[in-house]
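Colleague: Let me begin by handing over the structure; questions about it come next.
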Amino acid sequence: MNLPLNRSIAILKWLIVLLPMAVMIGSASAFFLWSLDALTRVRFSNPWLLGLLPLGGWIVGSIYQHYGKSADGGNNLLIDEIHEPGVGVPRRMAPLILIGTLATHLFGGSAGREGTALQMGGGIAATFIRIIKPDATNKRLILMAGVAAGFGSIFGTPIAGAVFALEVLVIGRMQYDGLIPCFIASLVAHWTCAAWGISHTHYPINFASGLMPDFWLFVKVLVAAFMFGLAGMLFVWCSHRLGDLFKRHISRPEFRPVVGGLLVIGLYFLSGTPDYLGLGVLGNRPDAITLPAMFTSLGIPASAWLWKLAFTVVTLSAGFKGGEVTPLFFIGAALGNTLAIAMGAPIDLFAALGFVAIFAAATNTPLASTLLGMELFGAGNGLYLATACIIAYHFSGRGGIYSAQRQS
């Protein structure tokens, strides 16, 4: 008889913790996105900054070496702490990852933003945990909510953010006990980020499927999804192997970004374009190869996805800070653009499919990736989006960019 009352009290207690935490995470995401945009434009105006990438990497690497301690574990530390709460997530994680990621983008490293958002969310959640001192179960849920808030606010996708935090922990099994706190935190953080005046990138997609899918188009989607899965597997394999090589041959962690920075500069001269540096969302000229351009342009080089993969793998494997997800969006959309032209399919649809499917393949999160696609591109193409994500996930193998993921 008192069940509804008890549940209401439990939700009220969660709100007391989650609302201020989510507001802080959403505000941190807003500041990060604003700073990232500003520093990217500074780099566009000062292309010589790329020459300082090795020095910037050494400085950030030295800071982490002397002051980072366990914070250098990044997203994998968060996942481990959610599985088995131990020494805790250090408070320094949030400011360190923010500084490190902004430095990476200022000097031209190819990295994303989701890793920063998740770690800022986890760091802020850890501060609340130290204040309220919850038991192990609630500590775990608060960390999950911090991850959800970071993801939902950084991409403007609160539903996908909540489901990502539930799905990413164990491959093939959802963690439904955190559904309510993760959804509340993700939604409030997203609203907070928007309230600061931050707008997210719009990706133009005009294709709309009917009530019944076109048979031959569906076959083409299946073929493309298989390719997205292989591309995701390639990204994961290259990232882990190159990371191991850096660790095996360069014992001092602060020197790995120096070598990596030199390699990125070499890739820049080999590719002949600055378009694979940085996030890949903004361009410094009308014909730049950017993520939004994948949805409309017929002039994207067929090798664009592979160049971006190489730039990103080198940057992150060497120890530069940032995330993998936005570069994965770029890689997937570029490959989708190329496959659409080759198969005579809608470019905007296949760019959208690649955008989310390679994310599903590399992170083992097909449900969150499908919802991400629906939030960004509309639910009308949900069948194609779900098909691409599920097939890509299936053919990508069991590995992923987060080594701390557990197997079900």
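Identifiers for the structure tokens are assigned positionally: chains receive A, B, ... in sequence, residues are indexed from 1 per chain, and ligands are indexed from 1 in the order shown.
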Could you give me, as CSV, a per-residue list for range 146-208 of chain A showing, wherever an atom lies at most 10 Å from an atom of range 122-138 of chain A, the closest pair of atoms and their distance in Å to one decimal, using only C-alpha atoms and sorting by chain then residue number from low to high?

Modeller:
```
residue,atom,partner,partner_atom,distance
A:Gly146,CA,A:Gly122,CA,5.1
A:Val147,CA,A:Gly122,CA,5.8
A:Ala148,CA,A:Gly122,CA,9.3
A:Ala149,CA,A:Gly122,CA,9.2
A:Gly150,CA,A:Gly122,CA,8.0
A:Asp177,CA,A:Thr137,CA,9.9
A:Gly178,CA,A:Asn138,CA,9.3
```

Colleague: Hey, which bits of range 225-273 of chain A sit within 12 Å of range 41-56 of chain A, and for each residue what's the closest pair of atoms and how far apart in Å (one decimal), counting only C-alpha atoms, rows by chain and increasing number, as a Markdown table?

Modeller:
```
| residue | atom | partner | partner_atom | distance |
| --- | --- | --- | --- | --- |
| A:Glu254 | CA | A:Leu55 | CA | 10.1 |
| A:Phe255 | CA | A:Pro54 | CA | 8.8 |
| A:Arg256 | CA | A:Pro54 | CA | 9.1 |
| A:Pro257 | CA | A:Pro54 | CA | 6.2 |
| A:Val258 | CA | A:Pro54 | CA | 4.1 |
| A:Val259 | CA | A:Pro54 | CA | 6.9 |
| A:Gly260 | CA | A:Pro54 | CA | 7.2 |
| A:Gly261 | CA | A:Pro54 | CA | 4.4 |
| A:Leu262 | CA | A:Pro54 | CA | 6.2 |
| A:Leu263 | CA | A:Pro54 | CA | 9.3 |
| A:Val264 | CA | A:Leu53 | CA | 8.5 |
| A:Ile265 | CA | A:Leu50 | CA | 7.2 |
| A:Gly266 | CA | A:Gly51 | CA | 10.6 |
| A:Leu267 | CA | A:Leu50 | CA | 11.7 |
| A:Tyr268 | CA | A:Leu50 | CA | 9.4 |
| A:Phe269 | CA | A:Leu50 | CA | 11.3 |
| A:Thr273 | CA | A:Pro47 | CA | 11.5 |
```

Colleague: Print the selection's residues with C-alpha atoms to a file, as a CSV table (one decimal), in the first residue's frame.

Modeller:
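Once everything was written out, this is result_36.csv:
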```csv
chain,number,residue,atom,x,y,z
A,254,GLU,CA,55.5,12.1,-21.4
A,255,PHE,CA,57.7,11.4,-24.4
A,256,ARG,CA,55.1,9.4,-26.2
A,257,PRO,CA,53.0,12.4,-27.3
A,258,VAL,CA,56.2,14.0,-28.6
A,259,VAL,CA,56.7,11.2,-31.1
A,260,GLY,CA,53.0,11.0,-31.8
A,261,GLY,CA,52.9,14.8,-32.5
A,262,LEU,CA,55.8,14.4,-35.0
A,263,LEU,CA,53.9,11.6,-36.7
A,264,VAL,CA,50.7,13.7,-36.9
A,265,ILE,CA,52.7,16.5,-38.6
A,266,GLY,CA,54.1,13.9,-41.0
A,267,LEU,CA,50.6,12.7,-41.8
A,268,TYR,CA,49.6,16.3,-42.4
A,269,PHE,CA,52.2,16.7,-45.1
A,273,THR,CA,45.4,19.1,-46.2
```

Colleague: For a quick check of understanding, using only C-alpha atoms, which of A:Ala333, A:Met374, A:Leu291, A:Leu316 has the smallest distance to Thr201 in chain A?

Modeller: A:Leu291

Colleague: Out of A:Phe218, A:Phe107, A:Trp14, A:Phe207, which residue has the shortest atom-to-atom distance to Cys182 in chain A when counting only C-alpha atoms?

Modeller: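 Distance minimum relative to Cys182 in chain A lands on A:Trp14.
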
Colleague: For a quick check of understanding, using only C-alpha atoms, which of A:Ser199, A:Asn76, A:Ser110, A:Ser62 has the smallest distance to Leu96 in chain A?

Modeller: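 Once distances to Leu96 in chain A are computed over only C-alpha atoms, the minimum belongs to A:Ser62.
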
Colleague: Of the candidates A:Asn381, A:Ser153, A:Asn337, A:Ser317, which one gets nearest to Phe295 in chain A if we count only C-alpha atoms?

Modeller: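 Among the listed residues, the smallest separation from Phe295 in chain A belongs to A:Asn337.
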
Colleague: Please give the complete set of residues from range 50-281 of chain A that DSSP, run on the backbone, assigns to helix (DSSP H, G or I), formatted as an NGL selection string.

Modeller: :A and (50-83 or 93-106 or 114-132 or 136-155 or 158-167 or 176-195 or 215-249 or 253-271)

Colleague: Name the closest residue to Pro301 in chain A among the candidates A:Lys247, A:Ile341, A:Leu277, A:Thr315; distances are taken between atoms, counting only C-alpha atoms.

Modeller: A:Ile341

Colleague: Name the closest residue to Pro346 in chain A among the candidates A:Val221, A:Cys193, A:Ala28, A:Val163; distances are taken between atoms, counting only C-alpha atoms.

Modeller: A:Val221

Colleague: I'd like the contact shell of Leu36 in chain A - 9 Å cut-off, only C-alpha atoms, skipping same-chain residues fewer than 2 positions apart - returned as a count of residues only.

Modeller: 14

Colleague: Show which residues sit within 10 Å of range 386-394 of chain A, as a PyMOL selection string. Count only C-alpha atoms, and ignore same-chain residues fewer than 6 positions away.

Modeller: chain A and resi 218+221-233+350+352-371+373-374

Colleague: What lies within 10 Å of Pro213 in chain A using only C-alpha atoms, ignoring chain neighbours under 3 positions off, as a ChimeraX atom specification?

Modeller: /A:209-210,216-218,381,383-384
